[in-house]
Amino acid sequence: MNYRSYSDLSCVIRDNIPLLQSKEFDLIVGLPRSGMIPAYMIALHLNKKCCDIDSLVNNVALKTGSTRKSKEDILYPNEAKNILIVDDSIWSGKSLTSELLRMPDDIKSKITTLAIYSTKKVRDDVDLILEYLPTPRVFEWNIFHHSIVERSCFDIDGVLCIDPTEDQNDDGEQYVNFLLNALPLMIPTGKVHSLVTSRLEKYRPQTEDWLKRNGIKYDSLIMLDLPSKEERQRLGIHASHKAEAYKKSNQDLFFESERAQAIEIHRLTKKPVYCIETNEMFTKGKIISAIKSSNNTKKSYLINLLKKLPKPIYSTFRYFYRLIG
């Protein structure tokens with residue numbers, strides 16, 4: 001499972017700015033909807049005007065912010081001499097081809113097409129490709145609305161809704177109130193194959209009620225058949241419970257909230273796991289995007305790991321970190 005985040009998208013664009021500068025484009029055009037994201041990134045890097053495909057076809061007046069003036073003084077798309085049309089990815093090429101058919105002949109001659117990611121290394125239906133990315137693939141901007149949802153298992157807390165606080169997680173009245181009124185987090189498009197949660201079976205009615213009221217469709221809801229929160233904590237089978245259900249389901253992806261559990265589910269199943277907490281894809285024994293994370297994110301990971309050490313060891317690490325910091 002290949003995965004690219006907004007950060008990955010930004011990096012590949014920035015790495016190719018010299019190439020794009022050399023082409024001397026004076027207008028950047030994005031294909032709705034996801035093509036608009038890289039189009040605006042490129043336009044801001046190059047300080048060029050940007051618009052959507054309909055504005056290009058209909059020659060709608062170009063707009064610019066009051067704090068930044070672009071290099072060219074073009075007011076309408078048809079004044080541009082060198083146009084770059086951008087989409088985030090290309091697979092069959094049908095979307096791009098259909099949009100180009102809408103172009104007036106005088107505009108077509110000015111157009112260069114660009115796809116950030118391509119399923120083929122070489123192709124004749126787009127002029128420029130920034131990165132070869134074979135299928136199966138998903139992006140941060142479409143992962144919850146991709147057809148992969150129908151072939152996936154989903155955790156609930158920290159994925160579909162926010163996590164309960166310590167006070168709410170009392171295995172009693174406050175927890176029931178949380179289950180019925182939890183704020184939605186990420187609502188997937190399409191029907192999820194399996195919801196696999198460490199919530200206890202006795203809370204099935206409240207869980208099903210919340211899922212129905214929030215429009216979440218699913219084939220099955222798999223919960224832990226244990227008597228209490230204390231028993232669940234004693235056994236510590238959160239990840240193994242999810243991994244077992246993931247294996248049996250024969251699905252392609254697991255959406256997990258917590259990083260430690262995501263790592264363990266991946267270790268036990270050797271199958272792709274997407275971690276919501278850290279925006280990482282664990283696949284084929286490696287972590288995608290972790291090494292590309294920001295310094296602040298890496299520091300946060302390190303601090304969280306150190307806090308799990310015995311207190312004397314953690315205190316020693318903290319002392320020396322401050323000493324050399």
# chains A, B, ... in the order shown; residues from 1 in each chain; ligands from 1
$ select_by_dssp --residues "segment 10-201 of chain A" --states "strand (DSSP E)" --output "ChimeraX atom specification"
/A:27-30,49-52,83-90,111-118,128-132,137-139,152-154,192-200
$ residues_around --residues "Pro272 of chain A" --least-positions-apart "5" --cutoff "9 Å" --atoms "only C-alpha atoms" --output "MDAnalysis selection string"
chainID A and resid 1 252:254 265:266 281:284
$ write_last_selection --atoms "N, CA and C atoms" --output "PDB file, in the first residue's frame"
ATOM      1  N   MET A   1       0.846  -1.194   0.000  1.00  0.00           N
ATOM      2  CA  MET A   1       0.000   0.000   0.000  1.00  0.00           C
ATOM      3  C   MET A   1       0.883   1.246   0.000  1.00  0.00           C
ATOM      4  N   ASP A 252      -7.994  -5.257   3.311  1.00  0.00           N
ATOM      5  CA  ASP A 252      -6.736  -4.722   2.787  1.00  0.00           C
ATOM      6  C   ASP A 252      -6.059  -3.672   3.665  1.00  0.00           C
ATOM      7  N   LEU A 253      -6.819  -3.051   4.597  1.00  0.00           N
ATOM      8  CA  LEU A 253      -6.242  -1.946   5.380  1.00  0.00           C
ATOM      9  C   LEU A 253      -6.953  -1.842   6.720  1.00  0.00           C
ATOM     10  N   PHE A 254      -6.191  -1.452   7.756  1.00  0.00           N
ATOM     11  CA  PHE A 254      -6.766  -1.196   9.081  1.00  0.00           C
ATOM     12  C   PHE A 254      -6.509   0.261   9.442  1.00  0.00           C
ATOM     13  N   ILE A 265      -0.440  -4.169  15.523  1.00  0.00           N
ATOM     14  CA  ILE A 265      -1.370  -4.790  14.578  1.00  0.00           C
ATOM     15  C   ILE A 265      -0.644  -5.158  13.289  1.00  0.00           C
ATOM     16  N   HIS A 266       0.212  -4.247  12.833  1.00  0.00           N
ATOM     17  CA  HIS A 266       0.999  -4.527  11.630  1.00  0.00           C
ATOM     18  C   HIS A 266       1.966  -5.689  11.860  1.00  0.00           C
ATOM     19  N   MET A 281       1.647   5.352   7.494  1.00  0.00           N
ATOM     20  CA  MET A 281       1.221   4.069   6.952  1.00  0.00           C
ATOM     21  C   MET A 281       2.292   3.033   7.271  1.00  0.00           C
ATOM     22  N   PHE A 282       1.900   1.996   7.985  1.00  0.00           N
ATOM     23  CA  PHE A 282       2.803   0.902   8.306  1.00  0.00           C
ATOM     24  C   PHE A 282       2.553  -0.210   7.294  1.00  0.00           C
ATOM     25  N   THR A 283       3.558  -0.534   6.494  1.00  0.00           N
ATOM     26  CA  THR A 283       3.356  -1.523   5.452  1.00  0.00           C
ATOM     27  C   THR A 283       4.661  -2.225   5.101  1.00  0.00           C
ATOM     28  N   LYS A 284       4.586  -3.498   4.831  1.00  0.00           N
ATOM     29  CA  LYS A 284       5.729  -4.319   4.420  1.00  0.00           C
ATOM     30  C   LYS A 284       6.926  -4.130   5.341  1.00  0.00           C
TER      31      LYS A 284
END
$ residues_around --residues "Leu100 of chain A" --least-positions-apart "3" --cutoff "10 Å" --atoms "only C-alpha atoms" --output "compact mmCIF listing (two decimals) with all heavy atoms, in the first residue's frame"
# COMPACT_ATOMS: atom_id res chain seq x y z
N ILE A 53 -10.22 25.03 -13.80
CA ILE A 53 -10.38 24.73 -15.23
C ILE A 53 -11.55 25.46 -15.85
O ILE A 53 -11.50 25.90 -17.00
CB ILE A 53 -10.50 23.20 -15.44
CG1 ILE A 53 -10.12 22.83 -16.88
CG2 ILE A 53 -11.86 22.68 -15.07
CD1 ILE A 53 -8.65 22.73 -17.12
N VAL A 57 -11.65 27.92 -19.17
CA VAL A 57 -12.53 27.71 -20.33
C VAL A 57 -13.40 28.93 -20.58
O VAL A 57 -13.61 29.35 -21.73
CB VAL A 57 -13.40 26.45 -20.11
CG1 VAL A 57 -14.46 26.34 -21.22
CG2 VAL A 57 -12.53 25.19 -20.08
N ILE A 85 -1.49 22.96 -16.63
CA ILE A 85 -2.67 22.34 -16.04
C ILE A 85 -2.22 21.20 -15.13
O ILE A 85 -1.45 20.33 -15.53
CB ILE A 85 -3.64 21.81 -17.13
CG1 ILE A 85 -4.24 23.00 -17.88
CG2 ILE A 85 -4.73 20.95 -16.52
CD1 ILE A 85 -5.29 22.62 -18.90
N LYS A 94 -8.31 9.38 -18.19
CA LYS A 94 -9.60 9.79 -18.76
C LYS A 94 -10.04 11.18 -18.29
O LYS A 94 -10.57 11.96 -19.07
CB LYS A 94 -10.67 8.76 -18.43
CG LYS A 94 -10.48 7.42 -19.14
CD LYS A 94 -11.59 6.44 -18.76
CE LYS A 94 -11.39 5.10 -19.46
NZ LYS A 94 -12.45 4.12 -19.08
N SER A 95 -9.83 11.46 -17.02
CA SER A 95 -10.26 12.76 -16.47
C SER A 95 -9.55 13.92 -17.16
O SER A 95 -10.16 14.90 -17.58
CB SER A 95 -10.01 12.82 -14.96
OG SER A 95 -10.78 11.86 -14.29
N LEU A 96 -8.23 13.79 -17.27
CA LEU A 96 -7.45 14.84 -17.90
C LEU A 96 -7.82 14.99 -19.37
O LEU A 96 -7.99 16.11 -19.88
CB LEU A 96 -5.97 14.55 -17.75
CG LEU A 96 -4.99 15.57 -18.34
CD1 LEU A 96 -5.21 16.94 -17.74
CD2 LEU A 96 -3.55 15.12 -18.12
N THR A 97 -7.97 13.87 -20.07
CA THR A 97 -8.32 13.90 -21.49
C THR A 97 -9.65 14.58 -21.72
O THR A 97 -9.80 15.40 -22.64
CB THR A 97 -8.35 12.47 -22.06
OG1 THR A 97 -7.06 11.87 -21.91
CG2 THR A 97 -8.73 12.49 -23.53
N MET A 103 -11.21 22.48 -24.14
CA MET A 103 -10.40 23.67 -24.39
C MET A 103 -10.60 24.21 -25.81
O MET A 103 -10.57 23.44 -26.78
CB MET A 103 -8.92 23.35 -24.20
CG MET A 103 -8.53 22.92 -22.80
SD MET A 103 -8.79 24.22 -21.60
CE MET A 103 -9.70 23.28 -20.37
N PRO A 104 -10.77 25.51 -25.94
CA PRO A 104 -10.75 26.13 -27.27
C PRO A 104 -9.38 25.91 -27.93
O PRO A 104 -8.36 25.77 -27.25
CB PRO A 104 -10.97 27.62 -26.98
CG PRO A 104 -11.57 27.66 -25.61
CD PRO A 104 -11.01 26.49 -24.87
N ASP A 105 -9.34 25.84 -29.24
CA ASP A 105 -8.10 25.54 -29.97
C ASP A 105 -6.99 26.53 -29.66
O ASP A 105 -5.81 26.14 -29.58
CB ASP A 105 -8.37 25.51 -31.47
CG ASP A 105 -9.21 24.31 -31.87
OD1 ASP A 105 -9.21 23.32 -31.11
OD2 ASP A 105 -9.86 24.36 -32.93
N ILE A 107 -6.41 27.99 -26.94
CA ILE A 107 -5.88 27.72 -25.60
C ILE A 107 -5.05 26.44 -25.59
O ILE A 107 -4.01 26.35 -24.93
CB ILE A 107 -7.03 27.61 -24.57
CG1 ILE A 107 -7.73 28.96 -24.41
CG2 ILE A 107 -6.51 27.13 -23.22
CD1 ILE A 107 -6.88 30.04 -23.80
N LYS A 108 -5.49 25.42 -26.33
CA LYS A 108 -4.81 24.12 -26.34
C LYS A 108 -3.33 24.24 -26.68
O LYS A 108 -2.48 23.55 -26.11
CB LYS A 108 -5.48 23.19 -27.34
CG LYS A 108 -6.76 22.56 -26.85
CD LYS A 108 -7.31 21.60 -27.90
CE LYS A 108 -8.62 20.97 -27.44
NZ LYS A 108 -9.18 20.06 -28.46
N ILE A 111 -0.93 24.92 -23.68
CA ILE A 111 -1.05 24.09 -22.48
C ILE A 111 0.06 23.05 -22.36
O ILE A 111 0.42 22.37 -23.32
CB ILE A 111 -2.43 23.38 -22.46
CG1 ILE A 111 -3.53 24.40 -22.17
CG2 ILE A 111 -2.46 22.26 -21.42
CD1 ILE A 111 -4.93 23.83 -22.27
N THR A 113 0.62 19.81 -19.56
CA THR A 113 -0.10 19.11 -18.50
C THR A 113 0.89 18.46 -17.52
O THR A 113 1.97 18.01 -17.90
CB THR A 113 -1.03 18.03 -19.08
OG1 THR A 113 -0.26 17.14 -19.91
CG2 THR A 113 -2.14 18.66 -19.89
$ residues_around --residues "Tyr6 of chain A" --least-positions-apart "6" --cutoff "9 Å" --atoms "only C-alpha atoms" --output "list in words"
Phe139, Glu140 and Trp141 of chain A
$ select_by_dssp --residues "segment 164-266 of chain A" --states "helix (DSSP H, G or I)" --output "PyMOL selection string"
chain A and resi 173-181+201-213+229-235+238-249+259-266
$ residues_around --residues "Gln251 of chain A" --least-positions-apart "5" --cutoff "10 Å" --atoms "only C-alpha atoms" --output "ChimeraX atom specification"
/A:148-153,193-194,245-246,271-272
$ write_last_selection --atoms "C-alpha atoms" --output "tab-separated table (two decimals), in the first residue's frame"
chain	number	residue	atom	x	y	z
A	148	ILE	CA	-10.37	1.24	0.05
A	149	VAL	CA	-12.86	2.08	2.85
A	150	GLU	CA	-15.08	-0.78	1.68
A	151	ARG	CA	-12.13	-3.17	2.06
A	152	SER	CA	-10.99	-1.92	5.45
A	153	CYS	CA	-11.34	-2.41	9.19
A	193	HIS	CA	-16.36	-3.51	5.97
A	194	SER	CA	-15.70	-3.97	9.71
A	245	ALA	CA	-10.29	-9.63	13.51
A	246	TYR	CA	-8.25	-7.96	10.73
A	271	LYS	CA	-0.69	-6.18	6.61
A	272	PRO	CA	-1.03	-2.42	6.04
$ residues_around --residues "segment 36-47 of chain A" --least-positions-apart "2" --cutoff "10 Å" --atoms "only C-alpha atoms" --output "number ranges by chain"
A: 6, 9-10, 13-14, 16-18, 20-21, 24-34, 49-53, 68-72, 84-88, 114-116, 141
$ write_last_selection --atoms "C-alpha atoms" --output "PDB file, in the first residue's frame"
ATOM      1  CA  TYR A   6       0.203  16.591   2.268  1.00  0.00           C
ATOM      2  CA  LEU A   9       3.077  16.385  -1.786  1.00  0.00           C
ATOM      3  CA  SER A  10       4.711  19.620  -0.687  1.00  0.00           C
ATOM      4  CA  ILE A  13       6.673  19.916  -5.582  1.00  0.00           C
ATOM      5  CA  ARG A  14       9.438  21.863  -3.864  1.00  0.00           C
ATOM      6  CA  ASN A  16      10.851  20.065  -8.726  1.00  0.00           C
ATOM      7  CA  ILE A  17      10.556  23.852  -8.585  1.00  0.00           C
ATOM      8  CA  PRO A  18      13.743  24.315 -10.714  1.00  0.00           C
ATOM      9  CA  LEU A  20       8.900  24.231 -13.293  1.00  0.00           C
ATOM     10  CA  GLN A  21      10.771  27.552 -13.180  1.00  0.00           C
ATOM     11  CA  GLU A  24       8.334  29.885 -17.652  1.00  0.00           C
ATOM     12  CA  PHE A  25       4.628  29.289 -17.047  1.00  0.00           C
ATOM     13  CA  ASP A  26       2.548  32.399 -16.543  1.00  0.00           C
ATOM     14  CA  LEU A  27      -0.694  30.703 -15.421  1.00  0.00           C
ATOM     15  CA  ILE A  28      -1.274  27.603 -13.253  1.00  0.00           C
ATOM     16  CA  VAL A  29      -4.611  25.812 -13.590  1.00  0.00           C
ATOM     17  CA  GLY A  30      -5.915  23.097 -11.260  1.00  0.00           C
ATOM     18  CA  LEU A  31      -8.314  20.267 -12.041  1.00  0.00           C
ATOM     19  CA  PRO A  32     -11.107  20.093  -9.441  1.00  0.00           C
ATOM     20  CA  ARG A  33     -10.988  19.041  -6.744  1.00  0.00           C
ATOM     21  CA  SER A  34      -7.692  17.537  -5.656  1.00  0.00           C
ATOM     22  CA  LYS A  49      -1.666  33.523 -11.172  1.00  0.00           C
ATOM     23  CA  CYS A  50      -3.834  30.466 -10.512  1.00  0.00           C
ATOM     24  CA  CYS A  51      -7.383  29.425 -11.412  1.00  0.00           C
ATOM     25  CA  ASP A  52      -9.592  26.383 -11.896  1.00  0.00           C
ATOM     26  CA  ILE A  53     -10.377  24.728 -15.226  1.00  0.00           C
ATOM     27  CA  ARG A  68       1.103  39.533  -2.975  1.00  0.00           C
ATOM     28  CA  LYS A  69       1.350  40.592  -6.607  1.00  0.00           C
ATOM     29  CA  SER A  70       2.240  38.010  -9.238  1.00  0.00           C
ATOM     30  CA  LYS A  71       5.066  38.640 -11.705  1.00  0.00           C
ATOM     31  CA  GLU A  72       2.775  38.918 -14.718  1.00  0.00           C
ATOM     32  CA  LEU A  84       0.312  24.598 -16.799  1.00  0.00           C
ATOM     33  CA  ILE A  85      -2.672  22.336 -16.039  1.00  0.00           C
ATOM     34  CA  VAL A  86      -2.190  20.333 -12.833  1.00  0.00           C
ATOM     35  CA  ASP A  87      -3.776  17.240 -11.309  1.00  0.00           C
ATOM     36  CA  ASP A  88      -2.664  15.434  -8.176  1.00  0.00           C
ATOM     37  CA  LEU A 114       1.325  17.875 -15.188  1.00  0.00           C
ATOM     38  CA  ALA A 115       0.421  15.016 -12.843  1.00  0.00           C
ATOM     39  CA  ILE A 116       2.203  14.921  -9.499  1.00  0.00           C
ATOM     40  CA  TRP A 141      -6.669  13.952   1.076  1.00  0.00           C
TER      41      TRP A 141
END
$ residues_around --residues "Ala61 of chain A" --least-positions-apart "3" --cutoff "12 Å" --atoms "only C-alpha atoms" --output "ChimeraX atom specification"
/A:49-52,54-58,64,73-80
$ write_last_selection --atoms "C-alpha atoms" --output "short mmCIF file (atom, residue, chain, number, x, y, z; two decimals), in the first residue's frame"
data_model
loop_
_atom_site.label_atom_id
_atom_site.label_comp_id
_atom_site.auth_asym_id
_atom_site.auth_seq_id
_atom_site.Cartn_x
_atom_site.Cartn_y
_atom_site.Cartn_z
CA LYS A 49 -1.67 33.52 -11.17
CA CYS A 50 -3.83 30.47 -10.51
CA CYS A 51 -7.38 29.42 -11.41
CA ASP A 52 -9.59 26.38 -11.90
CA ASP A 54 -13.81 26.35 -15.61
CA SER A 55 -12.32 29.81 -15.18
CA LEU A 56 -9.84 28.98 -17.93
CA VAL A 57 -12.53 27.71 -20.33
CA ASN A 58 -14.85 30.64 -19.63
CA THR A 64 -4.96 37.89 -6.65
CA ASP A 73 0.03 41.49 -15.17
CA ILE A 74 -2.40 39.17 -16.98
CA LEU A 75 -5.99 39.89 -16.00
CA TYR A 76 -7.74 37.10 -17.92
CA PRO A 77 -6.72 33.47 -18.61
CA ASN A 78 -6.71 33.96 -22.39
CA GLU A 79 -3.88 36.50 -21.98
CA ALA A 80 -1.55 33.76 -20.71
#
$ closest_residue --among "A:Arg267, A:Asp125, A:Asn177, A:Tyr132" --to "Ser98 of chain A" --atoms "only C-alpha atoms"
A:Asp125
$ atom_distance --atom1 "atom CA of Asp170 of chain A" --atom2 "atom CA of Glu208 of chain A"
19.7 Å
$ atom_distance --atom1 "atom CA of Pro188 of chain A" --atom2 "atom CA of His145 of chain A"
5.7 Å
$ atom_distance --atom1 "atom CA of Gly158 of chain A" --atom2 "atom CA of Glu277 of chain A"
7.7 Å
$ decode --residues "segment 7-27 of chain A" --atoms "N, CA, C and O atoms" --output "mmCIF file, in the first residue's frame"
data_model
loop_
_atom_site.group_PDB
_atom_site.id
_atom_site.type_symbol
_atom_site.label_atom_id
_atom_site.label_comp_id
_atom_site.auth_asym_id
_atom_site.auth_seq_id
_atom_site.Cartn_x
_atom_site.Cartn_y
_atom_site.Cartn_z
ATOM 1 N N SER A 7 2.356 16.548 3.380
ATOM 2 C CA SER A 7 3.775 16.875 3.516
ATOM 3 C C SER A 7 4.592 16.291 2.368
ATOM 4 O O SER A 7 5.466 16.959 1.813
ATOM 5 N N ASP A 8 4.299 15.036 1.993
ATOM 6 C CA ASP A 8 4.984 14.414 0.859
ATOM 7 C C ASP A 8 4.716 15.194 -0.429
ATOM 8 O O ASP A 8 5.613 15.395 -1.253
ATOM 9 N N LEU A 9 3.461 15.610 -0.603
ATOM 10 C CA LEU A 9 3.077 16.385 -1.786
ATOM 11 C C LEU A 9 3.870 17.683 -1.862
ATOM 12 O O LEU A 9 4.411 18.046 -2.918
ATOM 13 N N SER A 10 3.961 18.366 -0.729
ATOM 14 C CA SER A 10 4.711 19.620 -0.687
ATOM 15 C C SER A 10 6.181 19.402 -1.024
ATOM 16 O O SER A 10 6.785 20.190 -1.762
ATOM 17 N N CYS A 11 6.752 18.312 -0.502
ATOM 18 C CA CYS A 11 8.178 18.028 -0.727
ATOM 19 C C CYS A 11 8.479 17.746 -2.201
ATOM 20 O O CYS A 11 9.463 18.249 -2.749
ATOM 21 N N VAL A 12 7.635 16.936 -2.843
ATOM 22 C CA VAL A 12 7.918 16.580 -4.235
ATOM 23 C C VAL A 12 7.749 17.797 -5.145
ATOM 24 O O VAL A 12 8.485 17.960 -6.131
ATOM 25 N N ILE A 13 6.826 18.677 -4.809
ATOM 26 C CA ILE A 13 6.673 19.916 -5.582
ATOM 27 C C ILE A 13 7.889 20.811 -5.387
ATOM 28 O O ILE A 13 8.464 21.328 -6.356
ATOM 29 N N ARG A 14 8.279 20.996 -4.146
ATOM 30 C CA ARG A 14 9.438 21.863 -3.864
ATOM 31 C C ARG A 14 10.702 21.340 -4.534
ATOM 32 O O ARG A 14 11.505 22.115 -5.060
ATOM 33 N N ASP A 15 10.874 20.017 -4.543
ATOM 34 C CA ASP A 15 12.067 19.436 -5.169
ATOM 35 C C ASP A 15 12.097 19.661 -6.674
ATOM 36 O O ASP A 15 13.173 19.611 -7.290
ATOM 37 N N ASN A 16 10.929 19.898 -7.273
ATOM 38 C CA ASN A 16 10.851 20.065 -8.726
ATOM 39 C C ASN A 16 10.615 21.507 -9.168
ATOM 40 O O ASN A 16 10.352 21.751 -10.354
ATOM 41 N N ILE A 17 10.730 22.441 -8.230
ATOM 42 C CA ILE A 17 10.556 23.852 -8.585
ATOM 43 C C ILE A 17 11.551 24.314 -9.653
ATOM 44 O O ILE A 17 11.171 25.047 -10.587
ATOM 45 N N PRO A 18 12.834 23.902 -9.632
ATOM 46 C CA PRO A 18 13.743 24.315 -10.714
ATOM 47 C C PRO A 18 13.234 23.895 -12.096
ATOM 48 O O PRO A 18 13.335 24.670 -13.056
ATOM 49 N N LEU A 19 12.690 22.689 -12.205
ATOM 50 C CA LEU A 19 12.127 22.228 -13.470
ATOM 51 C C LEU A 19 10.966 23.119 -13.902
ATOM 52 O O LEU A 19 10.889 23.551 -15.071
ATOM 53 N N LEU A 20 10.074 23.423 -12.968
ATOM 54 C CA LEU A 20 8.900 24.231 -13.293
ATOM 55 C C LEU A 20 9.293 25.680 -13.593
ATOM 56 O O LEU A 20 8.679 26.320 -14.455
ATOM 57 N N GLN A 21 10.285 26.196 -12.892
ATOM 58 C CA GLN A 21 10.771 27.552 -13.180
ATOM 59 C C GLN A 21 11.283 27.644 -14.610
ATOM 60 O O GLN A 21 11.058 28.648 -15.309
ATOM 61 N N SER A 22 11.956 26.601 -15.063
ATOM 62 C CA SER A 22 12.581 26.630 -16.392
ATOM 63 C C SER A 22 11.555 26.662 -17.524
ATOM 64 O O SER A 22 11.875 27.068 -18.639
ATOM 65 N N LYS A 23 10.335 26.259 -17.235
ATOM 66 C CA LYS A 23 9.293 26.216 -18.274
ATOM 67 C C LYS A 23 8.626 27.576 -18.493
ATOM 68 O O LYS A 23 7.893 27.765 -19.455
ATOM 69 N N GLU A 24 8.846 28.499 -17.536
ATOM 70 C CA GLU A 24 8.334 29.885 -17.652
ATOM 71 C C GLU A 24 6.817 29.931 -17.849
ATOM 72 O O GLU A 24 6.303 30.629 -18.732
ATOM 73 N N PHE A 25 6.090 29.225 -17.020
ATOM 74 C CA PHE A 25 4.628 29.289 -17.047
ATOM 75 C C PHE A 25 4.164 30.626 -16.501
ATOM 76 O O PHE A 25 4.762 31.183 -15.579
ATOM 77 N N ASP A 26 3.104 31.157 -17.078
ATOM 78 C CA ASP A 26 2.548 32.399 -16.543
ATOM 79 C C ASP A 26 1.137 32.221 -15.978
ATOM 80 O O ASP A 26 0.540 33.176 -15.479
ATOM 81 N N LEU A 27 0.603 30.990 -16.033
ATOM 82 C CA LEU A 27 -0.694 30.703 -15.421
ATOM 83 C C LEU A 27 -0.724 29.229 -15.010
ATOM 84 O O LEU A 27 -0.373 28.349 -15.800
#
